[in-house]
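Below is the file coords-v4.txt, which contains compact mmCIF, C-alpha atoms and all ligand atoms.
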# COMPACT_ATOMS: atom_id res chain seq x y z
CA MET U 704 -33.58 24.56 -17.09
CA GLU U 705 -33.10 22.80 -13.79
CA ILE U 706 -29.37 22.30 -14.32
CA PHE U 707 -28.80 26.09 -14.15
CA GLU U 708 -30.72 26.45 -10.88
CA GLU U 709 -28.86 26.45 -7.55
CA TYR U 710 -29.32 22.70 -7.03
CA GLY U 711 -28.19 21.94 -10.58
CA ILE U 712 -25.02 24.07 -10.25
CA GLU U 713 -24.08 22.23 -7.04
CA PHE U 714 -24.67 18.96 -8.85
CA LEU U 715 -22.39 20.02 -11.75
CA VAL U 716 -19.63 20.95 -9.27
CA ARG U 717 -20.08 17.56 -7.56
CA TYR U 718 -19.88 15.82 -10.94
CA GLY U 719 -16.70 17.77 -11.89
CA HIS U 720 -15.24 16.92 -8.49
CA ILE U 721 -15.79 13.18 -8.91
CA LEU U 722 -14.67 13.17 -12.58
CA SER U 723 -11.37 14.88 -11.74
CA GLY U 724 -10.99 12.84 -8.50
CA VAL U 725 -11.31 9.59 -10.46
CA THR U 726 -8.67 10.82 -12.94
CA TRP U 727 -6.28 11.76 -10.11
CA ILE U 728 -6.68 8.67 -7.96
CA GLY U 729 -6.89 6.36 -11.00
CA LEU U 730 -3.45 7.57 -12.10
CA LEU U 731 -2.14 7.32 -8.51
CA TYR U 732 -3.17 3.64 -8.42
CA TYR U 733 -1.70 3.09 -11.90
CA PHE U 734 1.66 4.47 -10.70
CA ASN U 735 1.67 2.39 -7.52
CA PHE U 736 0.08 -0.88 -8.58
CA VAL U 737 1.16 -1.10 -12.25
CA GLN U 738 3.96 1.24 -13.32
CA THR U 739 6.43 1.05 -10.42
CA PRO U 740 6.41 -2.79 -10.12
CA SER U 741 6.61 -3.11 -13.95
CA PHE U 742 9.47 -0.61 -14.35
CA ALA U 743 11.50 -2.57 -11.76
CA GLY U 744 11.69 -5.40 -14.32
CA PHE U 745 12.57 -3.17 -17.33
CA GLU U 746 16.10 -2.98 -18.80
CA ALA U 747 17.73 0.47 -18.26
CA PRO U 748 17.22 1.76 -21.88
CA ALA U 749 13.52 0.83 -21.88
CA ARG U 750 13.07 2.40 -18.45
CA ASN U 751 14.78 5.62 -19.53
CA GLU U 752 12.66 5.81 -22.66
CA SER U 753 9.50 5.31 -20.58
CA PHE U 754 10.55 8.01 -18.11
CA ALA U 755 11.27 10.43 -20.95
CA LYS U 756 8.18 9.73 -23.08
CA LEU U 757 5.42 8.12 -21.00
CA VAL U 758 5.80 9.39 -17.43
CA PRO U 759 5.63 13.16 -18.23
CA ARG U 760 2.28 12.69 -19.95
CA ALA U 761 0.89 10.63 -17.04
CA LEU U 762 2.19 13.17 -14.52
CA TRP U 763 0.62 16.09 -16.41
CA TRP U 764 -2.87 14.57 -16.09
CA PHE U 765 -2.08 13.47 -12.53
CA ARG U 766 -1.13 16.87 -11.11
CA TRP U 767 -3.75 18.91 -12.97
CA ALA U 768 -6.49 16.41 -12.06
CA ALA U 769 -5.36 16.82 -8.43
CA ALA U 770 -5.66 20.61 -8.75
CA ALA U 771 -9.12 20.36 -10.37
CA THR U 772 -10.33 17.92 -7.69
CA VAL U 773 -9.29 20.30 -4.91
CA ALA U 774 -10.80 23.34 -6.66
CA PHE U 775 -14.16 21.59 -7.24
CA GLY U 776 -14.00 20.03 -3.74
CA LEU U 777 -13.48 23.37 -1.96
CA LEU U 778 -16.26 24.93 -4.04
CA LEU U 779 -18.55 22.03 -3.13
CA PHE U 780 -17.78 22.61 0.53
CA VAL U 781 -18.59 26.31 0.29
CA LEU U 782 -21.83 25.65 -1.66
CA GLY U 783 -22.91 22.91 0.74
CA THR U 784 -22.27 24.83 3.96
CA ASP U 785 -25.32 26.92 4.84
CA ASP U 786 -24.15 28.21 8.21
CA ALA U 787 -20.40 27.62 8.46
CA PHE U 788 -20.23 27.73 12.25
CA GLU U 789 -23.30 25.56 12.97
CA ASP U 790 -22.44 23.07 10.22
CA MET U 791 -19.01 22.49 11.80
CA LYS U 792 -20.84 20.69 14.59
CA ASP U 793 -22.62 17.96 12.63
CA MET U 794 -21.28 14.55 11.81
CA ARG U 795 -21.45 15.07 8.06
CA THR U 796 -19.10 18.06 8.32
CA LEU U 797 -16.86 16.40 10.91
CA GLY U 798 -16.43 13.51 8.46
CA ILE U 799 -15.95 15.61 5.33
CA LEU U 800 -13.34 17.81 7.05
CA ALA U 801 -11.34 14.67 7.86
CA GLY U 802 -11.58 13.58 4.21
CA MET U 803 -10.63 17.07 3.04
CA LEU U 804 -7.61 17.20 5.34
CA PHE U 805 -6.31 13.89 3.96
CA GLY U 806 -7.06 15.13 0.42
CA LEU U 807 -5.19 18.41 0.98
CA VAL U 808 -2.15 16.59 2.41
CA MET U 809 -2.22 14.36 -0.67
CA PHE U 810 -2.52 17.39 -2.97
CA MET U 811 0.53 19.02 -1.37
CA ASN U 812 2.47 15.78 -1.72
CA VAL U 813 1.64 15.76 -5.44
CA TRP U 814 2.79 19.31 -6.12
CA MET U 815 5.56 19.75 -3.54
CA VAL U 816 7.15 16.29 -3.28
CA ILE U 817 6.18 13.89 -6.08
CA TRP U 818 6.32 16.32 -9.02
CA PRO U 819 9.63 18.12 -8.14
CA ASN U 820 11.35 14.78 -7.52
CA GLN U 821 9.94 13.18 -10.66
CA ARG U 822 11.22 16.15 -12.68
CA ILE U 823 14.75 15.19 -11.58
CA VAL U 824 14.15 11.58 -12.62
CA ILE U 825 12.69 12.62 -16.00
CA ALA U 826 15.55 15.07 -16.68
CA ASN U 827 18.03 12.30 -15.88
CA ALA U 828 16.32 9.87 -18.29
CA GLU U 829 16.25 12.51 -21.06
CA GLY U 830 19.93 13.30 -20.44
CA VAL U 831 20.99 9.66 -20.62
CA LEU U 832 19.00 9.17 -23.85
CA ALA U 833 20.80 12.24 -25.27
CA GLY U 834 24.17 10.67 -24.36
CA ARG U 835 24.96 12.68 -21.22
CA GLU U 836 26.22 11.37 -17.86
CA ALA U 837 23.61 9.91 -15.48
CA ASP U 838 22.62 12.23 -12.59
CA PRO U 839 23.76 10.65 -9.29
CA ALA U 840 20.89 12.40 -7.46
CA ALA U 841 18.21 10.69 -9.56
CA ALA U 842 17.88 7.47 -7.51
CA ALA U 843 17.34 9.34 -4.22
CA ALA U 844 14.82 11.66 -5.92
CA ALA U 845 12.91 8.63 -7.23
CA ARG U 846 12.88 7.19 -3.72
CA ARG U 847 11.50 10.40 -2.17
CA GLY U 848 8.80 10.63 -4.82
CA ALA U 849 7.83 6.97 -4.37
CA CYS U 850 7.52 7.32 -0.58
CA ALA U 851 5.14 10.28 -0.91
CA SER U 852 3.21 8.41 -3.61
CA ARG U 853 2.76 5.36 -1.35
CA THR U 854 1.62 7.57 1.51
CA ASN U 855 -0.95 9.15 -0.82
CA THR U 856 -2.19 5.69 -1.85
CA MET U 857 -2.56 4.74 1.81
CA LEU U 858 -4.37 8.00 2.68
CA SER U 859 -6.67 7.72 -0.35
CA ILE U 860 -8.47 4.78 1.31
CA PRO U 861 -9.77 6.66 4.40
CA MET U 862 -10.02 9.88 2.33
CA LEU U 863 -12.54 8.34 -0.09
CA TRP U 864 -14.34 6.60 2.77
CA PHE U 865 -15.00 9.98 4.39
CA MET U 866 -15.93 11.60 1.06
CA VAL U 867 -18.68 9.05 0.48
CA ALA U 868 -19.60 8.15 4.08
CA SER U 869 -20.13 11.78 5.13
CA PRO U 870 -23.12 12.57 2.89
CA HIS U 871 -24.46 9.00 2.69
CA PHE U 872 -23.84 7.32 6.03
CA LEU U 873 -22.45 9.57 8.76
CA SER U 874 -25.29 12.03 8.05
CA SER U 875 -27.91 9.40 8.98
CA GLY U 876 -28.65 11.10 12.31
CA ALA U 877 -27.37 8.11 14.28
CA PHE U 878 -24.30 9.95 15.54
CA ASP U 879 -24.40 12.41 18.43
CA THR U 880 -21.81 15.16 18.04
CA SER U 881 -23.29 17.61 20.57
CA GLU U 882 -20.35 17.44 23.02
CA GLY U 883 -17.63 19.95 22.13
CA GLY U 884 -14.95 18.00 24.01
CA LYS U 885 -15.54 14.90 21.89
CA ARG U 886 -15.44 16.93 18.72
CA ALA U 887 -12.10 18.38 19.85
CA ILE U 888 -10.74 14.84 20.43
CA TRP U 889 -11.89 13.88 16.93
CA TYR U 890 -10.01 16.80 15.34
CA VAL U 891 -6.86 16.03 17.39
CA VAL U 892 -6.95 12.35 16.29
CA VAL U 893 -7.42 13.25 12.61
CA LEU U 894 -4.69 15.92 12.67
CA ALA U 895 -2.29 13.54 14.44
CA ILE U 896 -2.88 10.81 11.84
CA ALA U 897 -2.32 13.26 8.96
CA GLY U 898 0.85 14.58 10.66
CA ILE U 899 2.31 11.13 11.30
CA ALA U 900 1.50 9.98 7.74
CA GLU U 901 3.22 13.07 6.31
CA ALA U 902 6.27 12.62 8.54
CA ILE U 903 6.60 9.07 7.21
CA ALA U 904 6.21 10.35 3.63
CA LEU U 905 8.96 12.95 4.00
CA ARG U 906 11.39 10.72 5.83
CA ALA U 907 12.24 8.53 2.85
CA PRO U 908 14.82 5.86 3.76
CA ALA U 909 18.10 5.85 1.79
CA VAL U 910 18.14 4.00 -1.55
CA GLY U 911 18.70 0.25 -1.07
CA LYS U 912 18.11 0.49 2.69
CA PRO U 913 14.48 -0.34 3.33
CA GLU U 914 13.37 -0.03 6.93
CA ALA U 915 11.14 -2.68 8.50
CA TRP U 916 8.41 -0.21 9.57
CA HIS U 917 8.37 1.65 6.28
CA ILE U 918 5.50 1.06 3.87
CA ASP U 919 7.53 -0.01 0.90
CA ASP U 920 5.30 -2.23 -1.22
CA HIS U 921 1.79 -1.84 -2.48
CA LYS U 922 0.28 -4.73 -0.51
CA ARG U 923 1.37 -3.17 2.79
CA THR U 924 0.11 0.18 1.53
CA ILE U 925 -3.40 -1.20 0.93
CA ILE U 926 -3.46 -3.02 4.28
CA ALA U 927 -2.27 0.13 6.12
CA GLY U 928 -4.97 2.22 4.40
CA ALA U 929 -7.70 -0.31 5.28
CA VAL U 930 -6.54 -0.54 8.92
CA LEU U 931 -6.44 3.25 9.17
CA THR U 932 -10.01 3.49 7.84
CA LEU U 933 -11.21 0.88 10.34
CA VAL U 934 -9.45 2.63 13.24
CA LEU U 935 -11.00 5.97 12.28
CA TYR U 936 -14.46 4.40 12.06
CA ILE U 937 -14.01 2.81 15.50
CA VAL U 938 -13.02 6.25 16.86
CA VAL U 939 -16.24 7.71 15.35
CA GLU U 940 -18.30 4.96 17.03
CA LEU U 941 -16.54 5.37 20.38
CA LEU U 942 -16.93 9.15 20.41
CA PHE U 943 -20.28 9.69 18.74
CA GLY U 944 -22.00 6.28 18.42
C1 LIG A 1 -8.56 18.12 -1.19
C2 LIG A 1 -9.31 17.33 -1.86
C3 LIG A 1 -10.81 17.22 -1.72
C4 LIG A 1 -11.75 18.09 -1.20
C5 LIG A 1 -11.50 19.49 -0.64
C6 LIG A 1 -13.03 17.45 -1.29
C7 LIG A 1 -14.25 17.97 -0.88
C8 LIG A 1 -15.48 17.33 -0.94
C9 LIG A 1 -16.73 17.85 -0.44
C10 LIG A 1 -16.93 19.19 0.23
C11 LIG A 1 -17.70 16.92 -0.70
C12 LIG A 1 -19.19 17.05 -0.38
C13 LIG A 1 -19.55 16.27 0.86
C14 LIG A 1 -21.00 16.43 1.25
O1 LIG A 1 -21.85 16.54 0.37
O2 LIG A 1 -21.25 16.42 2.47
C15 LIG A 1 -17.06 15.81 -1.35
C16 LIG A 1 -17.70 14.66 -1.76
C17 LIG A 1 -17.11 13.67 -2.49
N1 LIG A 1 -15.81 13.61 -2.91
FE1 LIG A 1 -14.34 14.90 -2.37
N2 LIG A 1 -12.85 16.22 -1.88
C18 LIG A 1 -11.51 16.04 -2.15
C19 LIG A 1 -10.93 14.95 -2.76
C20 LIG A 1 -11.61 13.92 -3.38
C21 LIG A 1 -11.01 12.89 -4.17
C22 LIG A 1 -9.53 12.74 -4.51
C23 LIG A 1 -12.00 12.08 -4.59
C24 LIG A 1 -11.80 10.88 -5.48
C25 LIG A 1 -12.64 10.45 -6.37
C26 LIG A 1 -13.25 12.59 -4.05
C27 LIG A 1 -14.49 12.04 -4.23
C28 LIG A 1 -15.65 12.45 -3.65
C29 LIG A 1 -16.91 11.75 -3.71
C30 LIG A 1 -17.18 10.42 -4.45
C31 LIG A 1 -17.82 12.49 -2.96
C32 LIG A 1 -19.27 12.13 -2.66
C33 LIG A 1 -20.22 12.83 -3.54
C34 LIG A 1 -21.64 12.50 -3.13
O3 LIG A 1 -22.02 11.34 -3.26
O4 LIG A 1 -22.33 13.37 -2.64
N3 LIG A 1 -12.97 13.72 -3.31
N4 LIG A 1 -15.70 16.10 -1.50
Let me see whether you can do it: turn the structure in this file into structure tokens.
Ligand code: HEM
Amino acid sequence: MEIFEEYGIEFLVRYGHILSGVTWIGLLYYFNFVQTPSFAGFEAPARNESFAKLVPRALWWFRWAAAATVAFGLLLFVLGTDDAFEDMKDMRTLGILAGMLFGLVMFMNVWMVIWPNQRIVIANAEGVLAGREADPAAAAAARRGACASRTNTMLSIPMLWFMVASPHFLSSGAFDTSEGGKRAIWYVVVLAIAGIAEAIALRAPAVGKPEAWHIDDHKRTIIAGAVLTLVLYIVVELLFG
């Protein structure tokens, strides 16, 4: 059966990667575009009940889908790379490494920032429902989680662009990546963007004190992600076009 041949196995890994990626990013968009703006209008008891009974379930699928996406994605990379050193020089790999870097930053934000902070928020909601005192640290934890979540939403836009563009557009042969110096500039630009985005994610402003430059609503998040994608594409054209 063709599906158990080498090509079929790679296809199954690709399918698993996209299925888990859709689950992860679908929930990320649900949190940012639907849940957070809706919860802002909830009364405190309804919000606490949602945090205690709905959010843990959503976060379970969210973080494990993120882990599955990364596992399938790394496997896909290994299966698709015939000669690791030579492949590093073509546009398809240059593009997919950028997408993977953004994806890995997002994955770390899920497990190391969003989830630990949301656990504080969930524990607070459960405590209040059980009649205990509210945790004064919960609001700041929610803020830190939300900032990382917005950064992930922003990064998801160029991340998915590179996932799909690398095998279907950047690999067209139209891009010349033969100059090592230009490839080095590309990696510096991509690393700098990931570093700046992560610095913004970790430097959450204090509760109730939004800062003008901070991406603090979902419309700005979408615009920032689209602008970032366009800038990165222009850099590709300037360097390799
Ligand atoms: C750290 C996270 C990720 C890693 C390591 C990763 C890795 C990869 C790799 C190696 C490929 C193959 C590219 C090629 O054939 O040249 C790929 C393709 C793809 N990835 Fe990811 N990925 C990640 C996150 C995501 C996420 C979150 C999504 C969301 C749905 C996603 C969706 C896709 C899609 C749609 C493709 C294109 C498949 C195709 O048409 O060939 N990836 N990814």
> Of the candidates U:Ala801, U:Val773, U:Val737, U:Leu782, which one gets nearest to ligand LIG 1 (chain A) if we count only C-alpha atoms and all ligand atoms?
Replying inline: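 That would be U:Val773, the residue with the smallest distance to ligand LIG 1 (chain A).
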> If you measure from atom CA of Phe707 of chain U to atom O1 of ligand LIG 1 (chain A), what distance in Å do you get, rounded to one decimal?
Replying inline: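 Separation between atom CA of Phe707 of chain U and atom O1 of ligand LIG 1 (chain A): 18.7 Å.
Between Arg822 of chain U and the residues U:Ala770, U:Ala904, U:Ala787, U:Val758, the shortest atom-to-atom distance, using only C-alpha atoms, involves U:Val758.
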With a cut-off of 12 Å, could you pull out the residues of segment 724-834 of chain U touching segment 896-900 of chain U and give me the nearest pair of atoms for each, distance in Å to one decimal, using only C-alpha atoms, ordered by chain and ascending number, as a tab-separated table?
residue	atom	partner	partner_atom	distance
U:Ala801	CA	U:Ala897	CA	9.2
U:Gly802	CA	U:Ala897	CA	10.4
U:Met803	CA	U:Ala897	CA	10.9
U:Leu804	CA	U:Ala897	CA	7.5
U:Phe805	CA	U:Ala897	CA	6.4
U:Gly806	CA	U:Ala897	CA	9.9
U:Leu807	CA	U:Ala897	CA	9.9
U:Val808	CA	U:Ala897	CA	7.3
U:Met809	CA	U:Ala897	CA	9.7
U:Asn812	CA	U:Ala900	CA	11.1
> Restricting the calculation to only C-alpha atoms and all ligand atoms, which member of U:Ile903, U:Ala837, U:Leu779, U:Ile825 is positioned closest to ligand LIG 1 (chain A)?
Replying inline: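 Comparing U:Ile903, U:Ala837, U:Leu779, U:Ile825 against ligand LIG 1 (chain A), the winner is U:Leu779.
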>> Could you check the closest approach to Arg717 of chain U for each of U:Ile860, U:Met866, U:Ala851, U:Val938 and tell me which residue wins, using all atoms listed in the file?
In response: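 Among U:Ile860, U:Met866, U:Ala851, U:Val938, it is U:Met866 that comes nearest to Arg717 of chain U.
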>> Ranking U:Ser875, U:Thr932, U:Ser881, U:Thr726 by minimum distance to Glu789 of chain U and counting only C-alpha atoms, which one comes first?
In response: U:Ser881
Take segment 846-857 of chain U, bring it up to all heavy atoms, and give me the output as a short mmCIF file (atom, residue, chain, number, x, y, z; two decimals), in the coordinates of the input.
data_model
loop_
_atom_site.label_atom_id
_atom_site.label_comp_id
_atom_site.auth_asym_id
_atom_site.auth_seq_id
_atom_site.Cartn_x
_atom_site.Cartn_y
_atom_site.Cartn_z
N ARG U 846 13.27 7.77 -5.01
CA ARG U 846 12.88 7.19 -3.72
C ARG U 846 11.96 8.13 -2.93
O ARG U 846 10.95 7.72 -2.39
CB ARG U 846 14.18 6.93 -2.92
CG ARG U 846 14.00 6.33 -1.58
CD ARG U 846 13.67 4.88 -1.70
NE ARG U 846 14.01 4.13 -0.52
CZ ARG U 846 13.49 2.96 -0.25
NH1 ARG U 846 12.63 2.42 -1.08
NH2 ARG U 846 13.85 2.30 0.82
N ARG U 847 12.32 9.42 -2.90
CA ARG U 847 11.50 10.40 -2.17
C ARG U 847 10.11 10.52 -2.80
O ARG U 847 9.10 10.55 -2.09
CB ARG U 847 12.19 11.78 -2.15
CG ARG U 847 13.31 11.89 -1.11
CD ARG U 847 13.71 13.35 -0.91
NE ARG U 847 14.26 13.94 -2.13
CZ ARG U 847 15.53 13.85 -2.50
NH1 ARG U 847 16.39 13.21 -1.72
NH2 ARG U 847 15.95 14.41 -3.60
N GLY U 848 10.09 10.54 -4.13
CA GLY U 848 8.80 10.63 -4.82
C GLY U 848 7.94 9.41 -4.53
O GLY U 848 6.74 9.51 -4.26
N ALA U 849 8.58 8.22 -4.57
CA ALA U 849 7.83 6.97 -4.37
C ALA U 849 7.25 6.90 -2.95
O ALA U 849 6.13 6.44 -2.77
CB ALA U 849 8.74 5.77 -4.64
N CYS U 850 8.02 7.37 -1.96
CA CYS U 850 7.52 7.32 -0.58
C CYS U 850 6.28 8.20 -0.43
O CYS U 850 5.29 7.78 0.20
CB CYS U 850 8.60 7.77 0.41
SG CYS U 850 9.80 6.49 0.70
N ALA U 851 6.31 9.39 -1.00
CA ALA U 851 5.14 10.28 -0.91
C ALA U 851 3.96 9.67 -1.68
O ALA U 851 2.81 9.77 -1.26
CB ALA U 851 5.49 11.66 -1.47
N SER U 852 4.26 9.01 -2.79
CA SER U 852 3.21 8.41 -3.61
C SER U 852 2.54 7.26 -2.86
O SER U 852 1.31 7.10 -2.89
CB SER U 852 3.85 7.93 -4.91
OG SER U 852 2.88 7.50 -5.81
N ARG U 853 3.33 6.46 -2.15
CA ARG U 853 2.76 5.36 -1.35
C ARG U 853 1.91 5.91 -0.20
O ARG U 853 0.85 5.37 0.10
CB ARG U 853 3.88 4.52 -0.76
CG ARG U 853 4.63 3.72 -1.77
CD ARG U 853 4.83 2.28 -1.30
NE ARG U 853 5.62 1.53 -2.27
CZ ARG U 853 5.17 1.16 -3.45
NH1 ARG U 853 3.94 1.47 -3.84
NH2 ARG U 853 5.95 0.49 -4.28
N THR U 854 2.40 6.96 0.43
CA THR U 854 1.62 7.57 1.51
C THR U 854 0.28 8.06 0.97
O THR U 854 -0.76 7.88 1.60
CB THR U 854 2.40 8.74 2.15
OG1 THR U 854 3.64 8.22 2.65
CG2 THR U 854 1.64 9.38 3.29
N ASN U 855 0.31 8.68 -0.22
CA ASN U 855 -0.95 9.15 -0.82
C ASN U 855 -1.90 7.98 -1.09
O ASN U 855 -3.10 8.09 -0.89
CB ASN U 855 -0.67 9.91 -2.12
CG ASN U 855 -0.35 11.37 -1.86
OD1 ASN U 855 -0.15 11.76 -0.72
ND2 ASN U 855 -0.29 12.17 -2.91
N THR U 856 -1.35 6.87 -1.57
CA THR U 856 -2.19 5.69 -1.85
C THR U 856 -2.83 5.21 -0.55
O THR U 856 -4.03 4.91 -0.51
CB THR U 856 -1.34 4.57 -2.48
OG1 THR U 856 -0.71 5.12 -3.65
CG2 THR U 856 -2.19 3.39 -2.88
N MET U 857 -2.04 5.16 0.51
CA MET U 857 -2.56 4.74 1.81
C MET U 857 -3.68 5.70 2.28
O MET U 857 -4.77 5.26 2.66
CB MET U 857 -1.44 4.71 2.84
CG MET U 857 -1.91 4.36 4.23
SD MET U 857 -0.61 4.52 5.44
CE MET U 857 -0.47 6.29 5.62
#
